[in-house]
Every structure is written in structure tokens, then in C-alpha cells.
>>> print(open('entry-v2.cif').read())   # mmCIF, C-alpha atoms
data_entry
#
loop_
_atom_site.label_atom_id
_atom_site.label_comp_id
_atom_site.auth_asym_id
_atom_site.auth_seq_id
_atom_site.Cartn_x
_atom_site.Cartn_y
_atom_site.Cartn_z
CA MET R 12 -14.52 28.27 -19.14
CA PRO R 13 -16.36 31.02 -17.21
CA LYS R 14 -14.31 33.03 -14.74
CA LEU R 15 -16.22 31.57 -11.76
CA ASP R 16 -15.49 28.01 -12.88
CA ARG R 17 -11.81 28.80 -13.35
CA TYR R 18 -11.60 30.34 -9.89
CA LEU R 19 -13.35 27.46 -8.12
CA PHE R 20 -11.50 24.82 -10.11
CA ARG R 21 -8.18 26.42 -9.17
CA GLU R 22 -9.17 26.53 -5.49
CA PHE R 23 -10.29 22.88 -5.51
CA THR R 24 -7.19 21.68 -7.35
CA GLN R 25 -4.71 23.53 -5.15
CA SER R 26 -6.34 22.25 -1.97
CA PHE R 27 -6.48 18.69 -3.31
CA LEU R 28 -2.84 18.65 -4.42
CA ALA R 29 -1.63 20.13 -1.13
CA THR R 30 -3.58 17.52 0.84
CA LEU R 31 -2.33 14.72 -1.40
CA ILE R 32 1.31 15.74 -0.93
CA ILE R 33 0.91 15.83 2.84
CA LEU R 34 -0.77 12.42 2.93
CA LEU R 35 1.96 10.94 0.74
CA MET R 36 4.65 12.33 3.02
CA VAL R 37 2.90 10.87 6.06
CA SER R 38 2.31 7.51 4.37
CA VAL R 39 5.90 7.12 3.21
CA GLY R 40 7.02 6.98 6.84
CA GLY R 41 4.82 4.00 7.67
CA VAL R 42 5.64 2.07 4.50
CA MET R 43 9.35 2.81 4.86
CA ALA R 44 9.34 1.64 8.50
CA ASP R 45 7.79 -1.71 7.54
CA LEU R 46 10.23 -2.22 4.69
CA LEU R 47 13.24 -1.29 6.82
CA GLY R 48 12.12 -3.83 9.40
CA ASP R 49 11.99 -6.53 6.72
CA VAL R 50 15.39 -5.45 5.41
CA ALA R 51 16.87 -5.62 8.91
CA ASP R 52 15.45 -9.14 9.35
CA GLY R 53 16.94 -10.21 6.03
CA LYS R 54 13.53 -10.91 4.46
CA VAL R 55 13.78 -8.15 1.85
CA PRO R 56 17.13 -7.37 0.18
CA ALA R 57 18.39 -3.83 0.68
CA ARG R 58 18.81 -3.47 -3.08
CA LEU R 59 15.03 -3.73 -3.50
CA LEU R 60 14.13 -1.10 -0.89
CA LEU R 61 13.34 1.78 -3.25
CA SER R 62 11.61 -0.38 -5.86
CA GLN R 63 9.45 -2.07 -3.24
CA LEU R 64 8.61 1.33 -1.74
CA GLY R 65 7.40 2.67 -5.07
CA LEU R 66 5.38 -0.44 -5.89
CA GLN R 67 3.78 -0.43 -2.45
CA PHE R 68 2.70 3.18 -2.96
CA LEU R 69 1.05 2.30 -6.25
CA ASN R 70 -0.89 -0.41 -4.45
CA TYR R 71 -2.05 2.04 -1.74
CA MET R 72 -3.02 4.85 -4.13
CA PRO R 73 -6.70 3.77 -4.42
CA TYR R 74 -7.06 4.46 -0.69
CA ILE R 75 -4.89 7.59 -0.40
CA ILE R 76 -6.26 9.59 -3.36
CA PRO R 77 -9.97 9.45 -2.31
CA LEU R 78 -9.05 10.64 1.18
CA ALA R 79 -6.95 13.48 -0.24
CA LEU R 80 -9.80 14.46 -2.57
CA MET R 81 -12.36 14.55 0.22
CA LEU R 82 -10.17 16.45 2.69
CA GLY R 83 -8.99 18.88 0.02
CA LEU R 84 -12.55 19.70 -1.05
CA LEU R 85 -13.65 20.04 2.57
CA LEU R 86 -10.86 22.54 3.22
CA ALA R 87 -11.66 24.47 0.04
CA PHE R 88 -15.42 24.70 0.69
CA SER R 89 -14.86 25.51 4.37
CA ARG R 90 -12.56 28.39 3.42
CA LEU R 91 -15.22 29.75 1.03
CA TYR R 92 -17.80 29.63 3.82
CA ARG R 93 -15.41 31.16 6.36
CA ASP R 94 -14.53 34.09 4.10
CA SER R 95 -18.22 34.66 3.22
CA GLU R 96 -17.57 33.90 -0.45
CA MET R 97 -20.25 31.23 -0.45
CA ALA R 98 -22.71 33.76 0.97
CA VAL R 99 -21.94 36.12 -1.92
CA LEU R 100 -22.36 33.30 -4.45
CA THR R 101 -25.69 32.32 -2.90
CA ALA R 102 -26.88 35.94 -2.97
CA THR R 103 -26.18 36.09 -6.71
CA GLY R 104 -28.28 32.98 -7.34
CA ILE R 105 -25.47 30.43 -7.58
CA GLY R 106 -26.46 27.24 -5.79
CA PRO R 107 -25.10 23.71 -5.43
CA ARG R 108 -26.22 22.67 -8.92
CA ARG R 109 -24.24 25.54 -10.47
CA LEU R 110 -21.20 24.51 -8.42
CA LEU R 111 -21.42 20.98 -9.75
CA ARG R 112 -19.62 21.86 -13.00
CA PRO R 113 -16.34 23.14 -11.52
CA LEU R 114 -16.50 20.40 -8.91
CA MET R 115 -16.83 17.66 -11.52
CA LEU R 116 -13.95 19.13 -13.53
CA LEU R 117 -11.71 17.92 -10.73
CA VAL R 118 -13.66 14.95 -9.36
CA VAL R 119 -14.18 13.06 -12.63
CA PRO R 120 -10.46 12.88 -13.62
CA VAL R 121 -9.51 11.94 -10.05
CA VAL R 122 -12.14 9.17 -9.97
CA VAL R 123 -10.80 7.88 -13.31
CA VAL R 124 -7.26 7.84 -11.89
CA VAL R 125 -8.48 5.98 -8.79
CA GLY R 126 -10.24 3.46 -11.01
CA LEU R 127 -7.10 2.89 -13.09
CA CYS R 128 -4.99 2.44 -9.95
CA SER R 129 -7.51 0.09 -8.37
CA LEU R 130 -8.36 -2.03 -11.41
CA TRP R 131 -5.04 -2.14 -13.27
CA LEU R 132 -2.03 -0.32 -11.82
CA GLY R 133 -2.34 -1.61 -8.24
CA PRO R 134 -2.58 -5.33 -9.16
CA TRP R 135 0.27 -4.88 -11.66
CA ALA R 136 2.45 -3.27 -8.98
CA LEU R 137 1.66 -6.08 -6.54
CA ARG R 138 2.53 -8.75 -9.13
CA THR R 139 5.76 -6.98 -10.00
CA ALA R 140 6.76 -6.67 -6.35
CA GLN R 141 6.01 -10.35 -5.73
CA ASN R 142 8.06 -11.42 -8.76
CA MET R 143 11.00 -9.32 -7.62
CA LEU R 144 10.86 -10.81 -4.12
CA ASP R 145 10.53 -14.33 -5.48
CA HIS R 146 13.58 -13.80 -7.67
CA ALA R 147 15.48 -12.28 -4.76
CA ASN R 148 14.64 -15.23 -2.51
CA ARG R 149 16.29 -17.59 -4.98
CA SER R 150 19.30 -15.45 -5.87
CA LEU R 151 22.21 -14.91 -3.53
CA VAL R 152 23.30 -11.92 -5.61
CA VAL R 153 20.06 -10.03 -5.05
CA SER R 154 19.95 -11.16 -1.43
CA GLY R 155 23.10 -9.19 -0.73
CA LEU R 156 26.04 -11.51 -1.34
CA ASP R 157 28.67 -10.11 -3.69
CA ALA R 158 31.70 -11.89 -5.03
CA GLY R 159 34.94 -10.61 -3.55
CA LYS R 160 33.26 -8.75 -0.66
CA PHE R 161 32.59 -9.44 3.03
CA THR R 162 28.86 -9.49 3.80
CA VAL R 163 27.26 -9.35 7.26
CA LEU R 164 24.12 -11.49 7.55
CA SER R 165 21.23 -10.63 9.86
CA SER R 166 22.32 -13.46 12.20
CA GLY R 167 25.66 -11.68 12.77
CA ALA R 168 27.76 -14.02 10.65
CA VAL R 169 30.29 -12.58 8.20
CA ILE R 170 30.58 -14.41 4.88
CA TYR R 171 32.98 -14.00 1.98
CA VAL R 172 32.67 -15.70 -1.40
CA SER R 173 35.19 -15.66 -4.19
CA ALA R 174 32.74 -16.26 -7.05
CA ILE R 175 29.00 -16.65 -7.64
CA SER R 176 27.37 -18.64 -10.44
CA PRO R 177 25.48 -16.73 -13.15
CA ASP R 178 22.08 -17.88 -11.82
CA GLY R 179 22.95 -16.58 -8.33
CA THR R 180 22.50 -19.91 -6.49
CA GLY R 181 26.01 -21.39 -6.49
CA LEU R 182 29.16 -20.25 -4.65
CA SER R 183 32.83 -21.13 -4.77
CA ARG R 184 35.62 -20.72 -2.18
CA VAL R 185 33.53 -19.63 0.78
CA PHE R 186 34.77 -18.21 4.08
CA MET R 187 32.39 -17.61 7.01
CA HIS R 188 33.00 -16.31 10.53
CA ARG R 189 30.51 -16.56 13.40
CA ALA R 190 30.85 -15.56 17.07
CA GLN R 191 28.32 -16.77 19.65
CA ASP R 192 28.44 -17.50 23.39
CA ASP R 193 32.16 -16.68 23.69
CA ARG R 194 32.92 -19.14 20.90
CA VAL R 195 34.36 -18.43 17.47
CA ASP R 196 33.35 -20.53 14.49
CA VAL R 197 35.25 -20.28 11.21
CA VAL R 198 34.00 -22.26 8.23
CA THR R 199 35.59 -22.62 4.82
CA ALA R 200 34.27 -24.50 1.82
CA ARG R 201 35.26 -25.17 -1.74
CA THR R 202 31.69 -24.78 -3.10
CA GLY R 203 28.24 -23.90 -1.82
CA GLN R 204 24.66 -23.84 -2.96
CA MET R 205 21.39 -22.38 -1.64
CA PHE R 206 18.31 -24.59 -1.21
CA PHE R 207 14.86 -24.39 0.37
CA GLU R 208 12.95 -26.41 2.94
CA GLY R 209 9.26 -25.68 3.17
CA GLU R 210 7.98 -22.35 1.96
CA ARG R 211 10.20 -19.89 3.82
CA ASP R 212 13.27 -21.67 5.26
CA ARG R 213 16.47 -21.04 3.28
CA TYR R 214 19.77 -22.83 3.80
CA LEU R 215 23.27 -22.65 2.38
CA ARG R 216 24.82 -26.04 1.76
CA LEU R 217 28.64 -25.86 1.97
CA GLU R 218 30.62 -28.73 0.51
CA ASP R 219 34.20 -30.01 0.88
CA GLY R 220 35.59 -27.72 3.57
CA PHE R 221 36.90 -27.26 7.11
CA ARG R 222 35.36 -25.94 10.29
CA VAL R 223 37.41 -24.57 13.20
CA GLU R 224 35.66 -23.84 16.51
CA GLY R 225 37.31 -22.39 19.57
CA PRO R 226 37.11 -19.85 22.42
CA ALA R 227 36.95 -16.14 21.67
CA GLY R 228 39.39 -15.41 24.52
CA PRO R 229 42.37 -17.24 25.96
CA GLY R 230 42.24 -21.03 25.85
CA LEU R 231 43.16 -24.05 23.79
CA ASP R 232 39.75 -25.67 23.46
CA TYR R 233 39.77 -25.85 19.67
CA ARG R 234 38.14 -28.36 17.39
CA LEU R 235 39.00 -28.94 13.75
CA ILE R 236 36.47 -30.70 11.55
CA ARG R 237 36.74 -31.65 7.94
CA TYR R 238 33.33 -32.14 6.37
CA LYS R 239 31.85 -33.26 3.12
CA SER R 240 28.64 -31.24 3.50
CA ASN R 241 27.60 -28.59 6.02
CA GLU R 242 24.31 -26.65 6.11
CA VAL R 243 24.02 -23.05 7.32
CA ALA R 244 20.67 -21.34 7.93
CA LEU R 245 20.00 -18.13 6.02
CA PRO R 246 17.36 -15.52 6.90
CA ASP R 247 13.82 -16.67 6.10
CA ARG R 248 12.48 -15.64 2.73
CA ALA R 249 9.99 -12.80 2.51
CA ASP R 250 6.31 -13.69 2.56
CA THR R 251 4.99 -13.99 -0.99
CA LEU R 252 1.55 -14.83 -2.34
CA ASP R 253 0.68 -17.83 -4.45
CA LYS R 254 0.64 -17.45 -8.21
CA ASP R 255 -3.14 -18.00 -8.36
CA ASP R 256 -3.95 -15.68 -5.47
CA PRO R 257 -6.83 -13.33 -6.48
CA GLU R 258 -4.85 -10.29 -5.34
CA LEU R 259 -2.27 -10.98 -8.07
CA LEU R 260 -4.68 -11.77 -10.90
CA PRO R 261 -5.58 -9.13 -13.51
CA THR R 262 -9.10 -7.78 -13.25
CA PRO R 263 -10.42 -9.46 -16.45
CA GLN R 264 -9.43 -12.88 -15.05
CA LEU R 265 -11.44 -12.23 -11.90
CA LEU R 266 -14.63 -11.97 -13.94
CA SER R 267 -14.45 -15.64 -14.94
CA ASP R 268 -13.04 -16.95 -11.64
CA PRO R 269 -15.75 -18.79 -9.64
CA ARG R 270 -13.94 -18.62 -6.30
CA PRO R 271 -15.49 -16.45 -3.56
CA ALA R 272 -12.09 -14.86 -2.93
CA ALA R 273 -11.90 -13.77 -6.57
CA ASN R 274 -15.38 -12.24 -6.40
CA ALA R 275 -14.42 -10.43 -3.19
CA GLN R 276 -11.25 -9.08 -4.80
CA LEU R 277 -13.22 -7.90 -7.84
CA HIS R 278 -15.63 -5.91 -5.68
CA ALA R 279 -12.73 -4.59 -3.59
CA ARG R 280 -11.26 -3.11 -6.78
CA LEU R 281 -14.56 -1.64 -7.97
CA THR R 282 -15.38 0.06 -4.65
CA PRO R 283 -12.61 2.74 -4.27
CA PRO R 284 -13.61 4.91 -7.28
CA LEU R 285 -17.28 4.78 -6.24
CA LEU R 286 -16.36 5.75 -2.69
CA ALA R 287 -14.24 8.61 -4.04
CA LEU R 288 -17.23 9.96 -5.99
CA ALA R 289 -19.63 9.59 -3.05
CA PHE R 290 -17.36 11.31 -0.53
CA ALA R 291 -16.59 14.09 -3.02
CA LEU R 292 -20.32 14.86 -3.33
CA LEU R 293 -20.68 14.88 0.45
CA THR R 294 -18.04 17.57 0.91
CA LEU R 295 -20.34 20.48 0.09
CA PRO R 296 -23.09 19.56 2.59
CA LEU R 297 -20.51 18.67 5.24
CA SER R 298 -18.63 21.97 4.89
CA ARG R 299 -21.69 24.26 5.28
CA SER R 300 -21.02 26.62 8.19
CA ALA R 301 -21.50 30.19 9.33
CA PRO R 302 -18.97 32.89 8.35
CA ARG R 303 -15.80 33.06 10.48
CA GLN R 304 -16.61 29.68 12.00
CA THR R 305 -13.77 27.21 12.48
CA ARG R 306 -13.55 24.59 9.75
CA TYR R 307 -11.47 21.81 11.26
CA GLY R 308 -14.37 20.17 13.06
CA ARG R 309 -16.04 19.43 9.72
CA VAL R 310 -12.76 18.09 8.36
CA MET R 311 -12.48 15.68 11.30
CA LEU R 312 -16.08 14.59 10.76
CA GLY R 313 -15.35 13.85 7.09
CA PHE R 314 -12.19 11.96 8.03
CA LEU R 315 -14.13 9.77 10.47
CA ALA R 316 -16.79 9.12 7.82
CA TYR R 317 -14.08 8.01 5.41
CA LEU R 318 -12.58 5.65 8.01
CA VAL R 319 -16.00 4.09 8.59
CA GLY R 320 -16.52 3.61 4.85
CA ILE R 321 -13.09 2.03 4.31
CA SER R 322 -13.55 -0.22 7.36
CA LEU R 323 -16.89 -1.42 6.02
CA MET R 324 -15.27 -2.11 2.65
CA PHE R 325 -12.50 -4.23 4.20
CA ASN R 326 -14.93 -6.10 6.47
CA GLY R 327 -17.31 -6.72 3.57
CA THR R 328 -14.44 -8.03 1.45
CA GLN R 329 -13.49 -10.46 4.19
CA LEU R 330 -17.11 -11.64 4.54
CA LEU R 331 -17.27 -12.24 0.79
CA THR R 332 -14.00 -14.19 0.91
CA ASP R 333 -15.31 -16.37 3.74
CA GLY R 334 -18.60 -16.96 1.90
CA LYS R 335 -20.69 -15.30 4.61
CA LEU R 336 -22.18 -12.85 2.09
CA PRO R 337 -23.83 -13.91 -1.18
CA GLY R 338 -21.58 -13.34 -4.18
CA PRO R 339 -24.06 -11.25 -6.25
CA VAL R 340 -24.55 -8.87 -3.31
CA GLY R 341 -20.86 -8.00 -3.34
CA LEU R 342 -20.19 -4.57 -1.90
CA TRP R 343 -23.15 -2.92 -3.61
CA TRP R 344 -24.87 -2.70 -0.21
CA LEU R 345 -22.19 -0.14 0.71
CA THR R 346 -21.54 1.83 -2.48
CA LEU R 347 -25.06 2.26 -3.89
CA PRO R 348 -26.72 3.55 -0.66
CA LEU R 349 -23.74 5.81 -0.02
CA LEU R 350 -23.96 7.26 -3.54
CA ALA R 351 -27.72 7.76 -3.17
CA VAL R 352 -27.30 9.53 0.17
CA ALA R 353 -24.50 11.71 -1.24
CA ILE R 354 -26.60 12.77 -4.25
CA TRP R 355 -29.63 13.44 -2.08
CA PHE R 356 -27.68 15.57 0.41
CA TYR R 357 -25.98 17.47 -2.40
CA LEU R 358 -29.27 18.31 -4.13
CA ARG R 359 -30.93 19.22 -0.84
CA ASP R 360 -28.05 21.42 0.30
CA GLY R 361 -29.04 25.06 0.73
CA LYS R 362 -32.79 24.52 0.42
CA PRO R 363 -34.83 26.01 3.26
CA SER R 364 -36.66 23.53 5.40
CA ARG R 365 -40.45 23.57 5.47
CA PRO R 366 -41.91 25.29 8.52
CA ARG R 367 -43.77 23.01 10.86
CA GLY R 368 -47.49 23.64 11.25
CA ARG R 369 -48.83 24.58 14.61
CA ALA R 370 -50.75 21.92 16.49
#
>>> encode(input="entry-v2.cif", output="C-alpha cells")
Amino acid sequence: MPKLDRYLFREFTQSFLATLIILLMVSVGGVMADLLGDVADGKVPARLLLSQLGLQFLNYMPYIIPLALMLGLLLAFSRLYRDSEMAVLTATGIGPRRLLRPLMLLVVPVVVVVGLCSLWLGPWALRTAQNMLDHANRSLVVSGLDAGKFTVLSSGAVIYVSAISPDGTGLSRVFMHRAQDDRVDVVTARTGQMFFEGERDRYLRLEDGFRVEGPAGPGLDYRLIRYKSNEVALPDRADTLDKDDPELLPTPQLLSDPRPAANAQLHARLTPPLLALAFALLTLPLSRSAPRQTRYGRVMLGFLAYLVGISLMFNGTQLLTDGKLPGPVGLWWLTLPLLAVAIWFYLRDGKPSRPRGRA
């Protein structure tokens, strides 16, 4: 590799990796906040916090990596312009076409990684996360109940179980304490079992036990009940997708699926790598500036352009799902013109404009 290509490739790679690390650190806060909220509501078990965080990141990678690539290249090219290095390269006869080789040494592998994440790794991570949540919704062990330990539910109740069945749905020798509106409610049961009503409501059916209810403070207003069956509401299950939802299907299955939602999901997976390539080619024309000129205005302009492109992709996907756009059109109306404009601007970059003739 020529020395110039090694130098530019190192500059592009360092800037891209630094930007990617910063974006990942910023993104982990938002994803972690959402997951902690679900854990606090009892919808996602605390044991699955780290696994769900990692799987969610894999699903968001097709949108984070293209942004990091574009911002990293914008910062790298802007620094070259600011330090007059681009002026020296231009004076020696090195133009945009000569810079295409070191640029593609970074862009092509990144686009391949984005394509793998979008077409294969992201759907796999989403399916794995959904399967883990579905298993957790039906297992008291994964949901946080442990045999021989006191567990505090999100409703404030404290529950103790002596033993749990191997499949995680049955309990034996249950003790539960609840305090609400200055009243204390103590429930014991010989056995218990979890069951569902509807899609999200979960209940714990306690059988053959006693219930004692009385005041939390002084007083003798106590009631003792012996019951055959008693139902206790558990936190609602986490929202999960259907098994045949297009977001969970592998990409090859989407090719033969006639549903508009499947076609929309297919184009939504094909678009991120094409957007990454288009925005990478636009970084050189966008970063052109005079020496010692500030570079953050161009970075903000590129960031806004990326937001517009991603918003159009999401809106187009929704229109395809609703059947308001023809299926064969897909998202090609976004990616192909953007790629053509990016190639045209890249090839035209640095060429002097023709002088206008006098009237």
C-alpha cells in the first residue's frame, strides 16, 4: 500500500472508531433507561437486563454504524482541509478520484458489516430477545422468584416460596405479605400455579390456604378466610411480537412472503448499507472548506442530512406496510437517487466551475 494510502486510511479509521465509541456510549444510556423502566415495572426480569441490552444493541447497529462512519469521515476530511493538507495534496495533482482508494478501504468493509447486521445479525438478535422474554413470561424462576428467598414484586407485595417446579410454573408452600391503605394482608397456600388471561395479564393461582387481613396499626378488625383457590395479579408480561411477524423472520423467508409488511421489512433491511455508502461518498464534498475554517458546521449539516434520510426510510417503510406505496417501488426511490447524487457530487468535487458569458 502506498504511503499516502496508509496515512489516509489510518486517519479515516481512527476518526471512525472514535466516533463509533462515542455514539455507542451515548446510545447505551437511552437503551439502558428503557430497559430499567421495564425492569422496574416487572415487565422484563432483572436477570435478563444485560442480555437484552446486548441484543438490543445488535438490532440498532445498522443505524449507529452508518452515522459513525459519516461523522468520522467528515471530521477526518475537515481536519485535512483545516490543516491545509488537502491543499498540498491538490497542488501535487491528487484529486477526489485518487482519494477514492483509501476511502473505499474503510467504507467497503464497514458497508459489509452494516449489511450483515441489517440482513442477518439484527433479525437474529431480535428473535433471540423475543424468545428469552417469552420464556421469562412463562417461568417464575426467570421472572425473579427463587425458592427459599423473599422476593419483592413491583406491586409492593413480598412473596416467599419453599419450592418451585422444574418447569418454573408451579409453587409449593407459599407465603405472601401485602400492605395497602393501612391494611395488612397475609396469604399462605399449599400450592400455586401461574396462568395467563389474554395476551399480557399474568396471575398466580394459590390453592388450599389461609388469608388473614387486618389493620396495620392498633385494632382488632381482623378477618380469617380459608380458601380453596385464590388468584393474585402479577406484573403484566413484556410486549412480544407474534411468531410470524416480519421483523422476526429471516431475510430469505421475506423474499417469498406476499404480505406488504414483509416487503416493507425486506426493503428496510436492504436500505441501511446503501445509505451508509451514499453518505460516505458525500463526506468529501460536504467537508470542503478554506484553511483554518471551523469544521463543526459541516458536521452538523451532515448529521441533519442523515436524520432526514433515516426519517424518510422509516416513513417509507410505514407507507409500504400500510399498502400506500406499490410493493415493487419499495425504498428504491430513496436509495438510488441518493446514491446517484452522492456519486455525482463526489466526481464533481474540486472541479472549477465554468465562467458565465457576458450578456
>>> resolve_selection(input="entry-v2.cif", expression="the PyMOL selection byres ((chain R and resi 79-90) around 10)", output="PyMOL selection string")
chain R and resi 19+22-35+74-78+91-97+114+117-118+121-122+287-307+309-311+313-314+317
>>> resolve_selection(input="entry-v2.cif", expression="the PyMOL selection byres ((chain R and resi 320) around 12)", output="PyMOL selection string")
chain R and resi 74+77-78+282-283+285-287+289-290+313-319+321-327+342+344-346+348-350
>>> atom_distance(input="entry-v2.cif", atom1="atom CA of Trp343 of chain R", atom2="atom CA of Ala279 of chain R")
10.6 Å
>>> resolve_selection(input="entry-v2.cif", expression="the PyMOL selection byres ((chain R and resi 259-272) around 6)", output="list in words")
Pro134, Arg138, Asp256, Pro257, Glu258, Ala273, Asn274, Ala275 and Thr332 of chain R
>>> residues_around(input="entry-v2.cif", residues="segment 99-112 of chain R", least_positions_apart="6", cutoff="8 Å", atoms="all atoms listed in the file", output="mmCIF file with C-alpha atoms, keeping the file's coordinate frame")
data_model
loop_
_atom_site.group_PDB
_atom_site.id
_atom_site.type_symbol
_atom_site.label_atom_id
_atom_site.label_comp_id
_atom_site.auth_asym_id
_atom_site.auth_seq_id
_atom_site.Cartn_x
_atom_site.Cartn_y
_atom_site.Cartn_z
ATOM 1 C CA ASP R 16 -15.490 28.010 -12.880
ATOM 2 C CA LEU R 295 -20.340 20.480 0.090
ATOM 3 C CA TYR R 357 -25.980 17.470 -2.400
ATOM 4 C CA LEU R 358 -29.270 18.310 -4.130
ATOM 5 C CA ASP R 360 -28.050 21.420 0.300
ATOM 6 C CA GLY R 361 -29.040 25.060 0.730
#
>>> axis_aligned_box(input="entry-v2.cif", around="segment 199-205 of chain R", padding_each_side="5 Å", output="JSON")
{"center_x": 28.5, "center_y": -23.8, "center_z": 0.9, "size_x": 24.2, "size_y": 12.8, "size_z": 17.9}
>>> atom_distance(input="entry-v2.cif", atom1="atom CA of Arg213 of chain R", atom2="atom CA of Glu242 of chain R")
10.0 Å
>>> atom_distance(input="entry-v2.cif", atom1="atom CA of Gln204 of chain R", atom2="atom CA of Glu218 of chain R")
8.5 Å
>>> residues_around(input="entry-v2.cif", residues="segment 62-66 of chain R", least_positions_apart="3", cutoff="7 Å", atoms="only C-alpha atoms", output="VMD selection string")
chain R and resid 42 to 43 59 69 to 70 136 to 137 140
>>> closest_residue(input="entry-v2.cif", among="R:Arg184, R:Arg21, R:Arg222, R:Lys335", to="Gly159 of chain R", atoms="only C-alpha atoms")
R:Arg184
>>> residues_around(input="entry-v2.cif", residues="segment 232-240 of chain R", least_positions_apart="6", cutoff="6 Å", atoms="all atoms listed in the file", output="list in words")
Leu217, Glu218, Asp219, Gly220, Phe221, Arg222, Val223, Glu224 and Gly225 of chain R
>>> closest_residue(input="entry-v2.cif", among="R:Leu347, R:Leu15, R:Val352, R:Val163", to="Pro113 of chain R", atoms="all atoms listed in the file")
R:Leu15
>>> closest_residue(input="entry-v2.cif", among="R:Arg194, R:Thr139, R:Lys160, R:Gln276", to="Lys254 of chain R", atoms="only C-alpha atoms")
R:Thr139
